[in-house]
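Following: one structure in structure tokens, then a few remarks.
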Amino acid sequence: MAKCDICGKGVHFGNNVSHSNRKSSRMWKPNVKSVKCMINGNARKLHVCTSCLRSGKVERA
């Protein structure tokens, strides 16, 4: 679910690195919202990241 339907932005993986330099895996999730959008004249629910919402790539319904 943590994937933008517009730009395809998804989860990124990496490591938590402690002060003693031990590594444990972690992930960064994008800020994805469920939004009603106008697609071809119809209102549909999409998962859209907030950067796409702010940039105006999506027209809200």
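The way I read the labels, and the way they are meant: chains A, B, ... in the order of the structure tokens, residue 1 as the first residue of every chain, and ligand 1 as the first ligand shown, with later ones counted on from there.
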Could you pull out the strand (DSSP E) residues of chain A, going by DSSP on the backbone, and write them as a PyMOL selection string? chain A and resi 12-17+23-28+32-39+42-49
With a distance cut-off of 12 Å and only C-alpha atoms, select the neighbouring residues of Asn40 of chain A, excluding the residue or stretch itself and same-chain residues fewer than 5 positions from it, and output the selection as a PyMOL selection string. chain A and resi 58-59+61
Would you pick out the contacts of Val11 of chain A at 12 Å or less, using only C-alpha atoms, so that residues sharing its chain but fewer than 2 positions from it are not included, and give the list as a VMD selection string? chain A and resid 1 to 4 8 to 9 13 to 14 26 to 32 49
Include C-alpha atoms and write out the residues we just selected as a short mmCIF file (atom, residue, chain, number, x, y, z; two decimals), in the first residue's frame.
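Okay, this is what ended up in again-v1.cif:
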data_model
loop_
_atom_site.label_atom_id
_atom_site.label_comp_id
_atom_site.auth_asym_id
_atom_site.auth_seq_id
_atom_site.Cartn_x
_atom_site.Cartn_y
_atom_site.Cartn_z
CA MET A 1 0.00 0.00 0.00
CA ALA A 2 2.89 2.38 0.68
CA LYS A 3 3.28 3.24 -3.01
CA CYS A 4 2.12 6.32 -4.89
CA GLY A 8 5.46 5.24 -8.15
CA LYS A 9 7.35 6.41 -5.07
CA PHE A 13 15.44 0.10 2.68
CA GLY A 14 18.58 0.76 4.68
CA ARG A 26 14.90 -0.43 8.66
CA MET A 27 12.70 1.12 6.00
CA TRP A 28 11.60 4.59 4.99
CA LYS A 29 7.95 4.81 3.92
CA PRO A 30 6.62 7.65 1.76
CA ASN A 31 3.82 9.86 3.09
CA VAL A 32 0.94 8.30 1.12
CA CYS A 49 2.07 10.83 -1.99
#
From the options A:Ser24, A:Gly10, A:Asn16, A:Cys37, which residue's atoms come nearest to Gly56 of chain A, counting only C-alpha atoms?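 Closest candidate: A:Cys37.
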Where does DSSP see alpha helix (DSSP H) in chain A, if you list the residues as a ChimeraX atom specification? /A:50-55
Grab the residues selected above and save them as a PDB file, in the first residue's frame with C-alpha atoms.
ATOM      1  CA  THR A  50       1.958  14.317  -0.500  1.00  0.00           C
ATOM      2  CA  SER A  51       4.575  15.674  -2.909  1.00  0.00           C
ATOM      3  CA  CYS A  52       2.261  14.834  -5.845  1.00  0.00           C
ATOM      4  CA  LEU A  53      -0.655  16.478  -4.014  1.00  0.00           C
ATOM      5  CA  ARG A  54       1.310  19.687  -3.372  1.00  0.00           C
ATOM      6  CA  SER A  55       2.741  19.894  -6.887  1.00  0.00           C
TER       7      SER A  55
END
So the first atom is atom CA of Val48 of chain A and the second is atom CA of Asn15 of chain A; what is the distance between them in Å, to one decimal place?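 Here the two named atoms are 26.0 Å from each other.
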